[in-house]
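Everything below concerns the one structure shown next.
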Amino acid sequence: WYMSTVSRRDYVYAVFEKQCEIALDNLGRLAKALGDTVQAAFVTGTDFGQQHGTFIAPAAYRELYQPFHKEITAFIHKHTTWKTFIHSCGSVAALIPDFIASGFDILNPVQCSAAGMDAETLKREYGKDLVFWGGGVDTQKTLPFGTPGEVYNEVRERIAIFNAGGGYVFNAIHNLQANSPVENMLAMFRHGTPIPPGELRLRNKDGAPVDVFSSHTRIEVPGQAPELFCIDIDISGRKAAEEEARYLAFYDALTRLPNRRLLVDRLNQVMVQ
C-alpha cells in the first residue's frame, strides 16, 4: 500500500477524493440523526507508524492525507460538537504536529513503547493541543510478561503523567493479548495502598532514562497530609546484562542474524496462540 502512495500517487489521490466525498455525505446524515448524543468521532485508523519510526514521510502525509483529514475534521467541528479522533499505532511523534494541524482533537493509542513516544515528552509538547486516549500500559511487554506490581506501577505513572491538567482517557496501548495473565489485567484497575514494589523506568535530572527497583511506603498520620517514602535502586547494569544475554540467546554473535533458537521460540508462541 505505501509503495502505491509513491508509484501510483494520482490513483491513490483519486481514491481518497471519492472516499472523502462519501464520508462527508455520511457525516451529514449522522450529524442530523445523532446530534449531541455523540462525544467523539473516529475519523481514521490508518497506522502511520511502526516500532522505530513512521511508514510515511511528513511531507507525503501533508500531500496525500492531510487535505482530506482537514476537510473531514472541519466539517465535524462546524456542524457538530463532536471531538475528532485519530488512531495511529507506532512511532508517530514526527507526525503529531501535522495531526494537530489537520484538526484532530484526540490521539490514540499513544504507543509509548515505540521510538520517540516518551510519555512525559508527548504530554509536555502536545498536551495543550491533544487529548491522549491510551498509553496506559505497554501491551507488548509489561502487561503480558511483567508482574502485577510492574503493571500497577506503570499504570499509575502513566496516569500521573498524562492526566496532569486533564486531557486524558485511560486505556491500554492496544488490544489485550491472549497470553496476558488475569492478575496483570486486574492490577491495571487496582487503587489505594499498599503500592507493590517493582521495576520502573524513571528519568535522571538530565532526562536520561534509568531502570530502578522501586519500593514504596505510604505513611498516614492523623491530621496531616499522607506522605510517600520511596527507595529506588539503580538496576541499569543488570537490565543491560539481561538484554545482552537475551540477544545472544537468539542471535548469532558473529553475523548478528537470528538463530535456530529464535525460530523455535517464535513457532512455539504461534502454536500456543
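Letters A, B, ... go to the chains of the C-alpha cells in the order shown; residues in each chain start at 1; ligands are counted from 1 in the same order.
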
Using only C-alpha atoms, find each residue in stretch 101-220 of chain A having at least one atom no more than 12 Å away from stretch 237-250 of chain A; report its shortest atom-to-atom pair and that distance in Å (one decimal), rows by chain then rising number, as a tab-separated table.
residue	atom	partner	partner_atom	distance
A:Glu199	CA	A:Lys239	CA	10.2
A:Leu200	CA	A:Lys239	CA	11.3
A:Arg201	CA	A:Lys239	CA	10.8
A:Val210	CA	A:Gly237	CA	9.8
A:Asp211	CA	A:Lys239	CA	7.4
A:Val212	CA	A:Lys239	CA	9.3
A:Phe213	CA	A:Lys239	CA	10.7

A:Arg62, A:Arg190, A:His216, A:His77 ranked by distance to A:Arg156, top pick (using only C-alpha atoms): A:Arg190

Please list as a PyMOL selection string every residue within 12 Å of stretch 11-16 of chain A, counting only C-alpha atoms and excluding residues in the same chain fewer than 3 positions away. chain A and resi 1-8+19-23+60-61+63-69+71-72

Please produce an output containing C-alpha atoms for each residue in the selection, written as a short mmCIF file (atom, residue, chain, number, x, y, z; two decimals), in the first residue's frame.
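Result saved to out.cif:
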data_model
loop_
_atom_site.label_atom_id
_atom_site.label_comp_id
_atom_site.auth_asym_id
_atom_site.auth_seq_id
_atom_site.Cartn_x
_atom_site.Cartn_y
_atom_site.Cartn_z
CA TRP A 1 0.00 0.00 0.00
CA TYR A 2 2.68 2.51 0.97
CA MET A 3 4.54 1.65 -2.25
CA SER A 4 1.40 2.67 -4.13
CA THR A 5 1.45 6.10 -2.48
CA VAL A 6 4.73 6.63 -4.36
CA SER A 7 4.29 4.62 -7.55
CA ARG A 8 0.58 5.36 -8.15
CA GLN A 19 -13.79 8.35 -0.06
CA CYS A 20 -13.88 11.88 1.31
CA GLU A 21 -16.96 12.72 -0.77
CA ILE A 22 -18.79 9.66 0.60
CA ALA A 23 -17.61 10.35 4.16
CA ALA A 60 3.97 12.76 1.93
CA TYR A 61 1.35 12.83 4.70
CA GLU A 63 0.32 15.99 0.34
CA LEU A 64 -1.80 12.82 0.33
CA TYR A 65 -3.69 12.57 3.60
CA GLN A 66 -3.85 15.95 5.28
CA PRO A 67 -6.11 17.73 2.74
CA PHE A 68 -8.83 15.13 3.31
CA HIS A 69 -8.30 14.93 7.06
CA GLU A 71 -11.90 18.60 5.20
CA ILE A 72 -13.44 15.91 7.41
#

Near-A:Gly135 list (7 Å; only C-alpha atoms; drop same-chain fewer than 4 positions) as a PyMOL selection string: chain A and resi 109-112+171-173

Write a file of the just-selected residues containing all heavy atoms, as a short mmCIF file (atom, residue, chain, number, x, y, z; two decimals), in the first residue's frame.
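What follows is the written file part_8.cif:
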data_model
loop_
_atom_site.label_atom_id
_atom_site.label_comp_id
_atom_site.auth_asym_id
_atom_site.auth_seq_id
_atom_site.Cartn_x
_atom_site.Cartn_y
_atom_site.Cartn_z
N PRO A 109 -3.36 5.08 19.70
CA PRO A 109 -3.38 4.53 21.05
C PRO A 109 -2.23 5.00 21.93
O PRO A 109 -2.06 4.48 23.01
CB PRO A 109 -3.26 3.03 20.79
CG PRO A 109 -2.34 2.93 19.62
CD PRO A 109 -2.68 4.13 18.76
N VAL A 110 -1.42 5.95 21.45
CA VAL A 110 -0.30 6.52 22.22
C VAL A 110 0.67 5.39 22.61
O VAL A 110 0.82 5.03 23.77
CB VAL A 110 -0.78 7.27 23.47
CG1 VAL A 110 0.33 8.18 23.97
CG2 VAL A 110 -2.05 8.08 23.21
N GLN A 111 1.35 4.86 21.61
CA GLN A 111 2.23 3.70 21.81
C GLN A 111 3.57 4.14 22.40
O GLN A 111 4.56 4.33 21.68
CB GLN A 111 2.42 2.94 20.50
CG GLN A 111 3.12 1.59 20.68
CD GLN A 111 3.20 0.80 19.40
OE1 GLN A 111 2.33 0.90 18.53
NE2 GLN A 111 4.25 0.01 19.26
N CYS A 112 3.60 4.26 23.71
CA CYS A 112 4.80 4.75 24.40
C CYS A 112 5.99 3.82 24.26
O CYS A 112 7.13 4.23 24.52
CB CYS A 112 4.49 4.97 25.88
SG CYS A 112 3.19 6.19 26.18
N ASN A 171 -6.54 4.04 28.78
CA ASN A 171 -6.76 2.81 28.04
C ASN A 171 -5.40 2.14 27.87
O ASN A 171 -4.37 2.81 27.82
CB ASN A 171 -7.35 3.11 26.65
CG ASN A 171 -8.04 1.89 26.05
OD1 ASN A 171 -8.94 1.32 26.64
ND2 ASN A 171 -7.60 1.49 24.88
N ALA A 172 -5.38 0.81 27.82
CA ALA A 172 -4.15 0.12 27.48
C ALA A 172 -3.73 0.55 26.08
O ALA A 172 -4.55 0.99 25.27
CB ALA A 172 -4.35 -1.39 27.53
N ILE A 173 -2.44 0.44 25.78
CA ILE A 173 -1.96 0.93 24.49
C ILE A 173 -2.67 0.24 23.33
O ILE A 173 -2.99 0.87 22.33
CB ILE A 173 -0.43 0.74 24.40
CG1 ILE A 173 0.26 1.77 25.31
CG2 ILE A 173 0.05 0.91 22.96
CD1 ILE A 173 1.76 1.63 25.36
#

Listing only residues of stretch 83-191 of chain A within 10 Å of stretch 44-55 of chain A, what is the closest atom pair and its distance in Å (to one decimal) for each, using only C-alpha atoms, sorted by chain and residue number ascending, as a tab-separated table?
residue	atom	partner	partner_atom	distance
A:Thr84	CA	A:Thr44	CA	9.3
A:Phe85	CA	A:Thr44	CA	7.3
A:Ile86	CA	A:Thr44	CA	5.3
A:His87	CA	A:Gly45	CA	4.6
A:Ser88	CA	A:Asp47	CA	4.3
A:Cys89	CA	A:Asp47	CA	5.2
A:Gly90	CA	A:Gly49	CA	4.1
A:Ser91	CA	A:Gly49	CA	4.8
A:Val92	CA	A:Gly49	CA	5.2
A:Ala93	CA	A:Gly53	CA	8.3
A:Ala94	CA	A:Thr54	CA	7.6
A:Leu95	CA	A:Thr54	CA	8.1
A:Asn108	CA	A:Gly45	CA	9.1
A:Gln111	CA	A:Gln51	CA	8.9
A:Cys112	CA	A:Gln51	CA	10.0
A:Ser113	CA	A:Gln51	CA	7.8
A:Ala114	CA	A:Gln51	CA	4.8
A:Ala115	CA	A:His52	CA	5.0
A:Gly116	CA	A:Gly53	CA	8.0
A:Met117	CA	A:Gly53	CA	9.9

All helix (DSSP H, G or I) positions in stretch 41-267 of chain A, as a ChimeraX atom specification: /A:58-64,66-79,93-101,119-126,142-145,148-162,182-187,236-250,260-267

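All residues in stretch 77-171 of chain A with a DSSP state of strand (DSSP E or B), computed from the backbone, read Lys83, Thr84, Phe85, Ile86, His87, Ile106, Leu107, Asn108, Val131, Phe132, Trp133, Tyr168 and Val169 of chain A.
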
Write out, as a short mmCIF file (atom, residue, chain, number, x, y, z; two decimals), in the first residue's frame, the residues just selected, with N, CA, C and O atoms.
data_model
loop_
_atom_site.label_atom_id
_atom_site.label_comp_id
_atom_site.auth_asym_id
_atom_site.auth_seq_id
_atom_site.Cartn_x
_atom_site.Cartn_y
_atom_site.Cartn_z
N LYS A 83 -15.79 15.66 19.11
CA LYS A 83 -14.34 15.75 19.03
C LYS A 83 -13.85 14.74 17.99
O LYS A 83 -14.45 13.69 17.79
N THR A 84 -12.75 15.08 17.34
CA THR A 84 -12.24 14.24 16.25
C THR A 84 -11.10 13.35 16.75
O THR A 84 -10.19 13.80 17.41
N PHE A 85 -11.16 12.09 16.38
CA PHE A 85 -10.32 11.03 16.94
C PHE A 85 -9.50 10.40 15.82
O PHE A 85 -10.05 9.96 14.80
N ILE A 86 -8.17 10.35 16.00
CA ILE A 86 -7.31 9.64 15.05
C ILE A 86 -6.60 8.51 15.77
O ILE A 86 -6.04 8.68 16.85
N HIS A 87 -6.65 7.33 15.18
CA HIS A 87 -5.91 6.17 15.68
C HIS A 87 -4.74 5.93 14.75
O HIS A 87 -4.90 5.80 13.53
N ILE A 106 -8.05 14.23 19.38
CA ILE A 106 -7.73 13.06 20.20
C ILE A 106 -6.75 12.17 19.44
O ILE A 106 -6.95 11.88 18.25
N LEU A 107 -5.69 11.71 20.16
CA LEU A 107 -4.73 10.78 19.58
C LEU A 107 -4.80 9.45 20.32
O LEU A 107 -4.78 9.41 21.54
N ASN A 108 -4.86 8.36 19.57
CA ASN A 108 -4.91 7.01 20.10
C ASN A 108 -4.03 6.13 19.21
O ASN A 108 -3.94 6.39 18.02
N VAL A 131 -5.96 15.51 23.32
CA VAL A 131 -6.33 14.56 24.37
C VAL A 131 -5.64 13.24 24.02
O VAL A 131 -5.71 12.78 22.88
N PHE A 132 -4.96 12.66 25.00
CA PHE A 132 -4.31 11.36 24.79
C PHE A 132 -5.27 10.26 25.26
O PHE A 132 -5.67 10.24 26.41
N TRP A 133 -5.60 9.37 24.35
CA TRP A 133 -6.54 8.30 24.63
C TRP A 133 -5.76 6.99 24.48
O TRP A 133 -5.61 6.45 23.39
N TYR A 168 -6.98 13.43 29.32
CA TYR A 168 -6.54 12.04 29.22
C TYR A 168 -7.72 11.09 29.39
O TYR A 168 -8.56 11.28 30.26
N VAL A 169 -7.75 10.06 28.53
CA VAL A 169 -8.69 8.95 28.66
C VAL A 169 -7.84 7.69 28.81
O VAL A 169 -7.09 7.33 27.90
#

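Atom CA of A:Gly136 is found 10.8 Å from atom CA of A:Phe189.
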
Residue neighbourhood A:Tyr126, 10 Å, only C-alpha atoms, exclusion window fewer than 3 positions, as a VMD selection string: chain A and resid 93 96 to 97 100 121 to 123 129 to 132
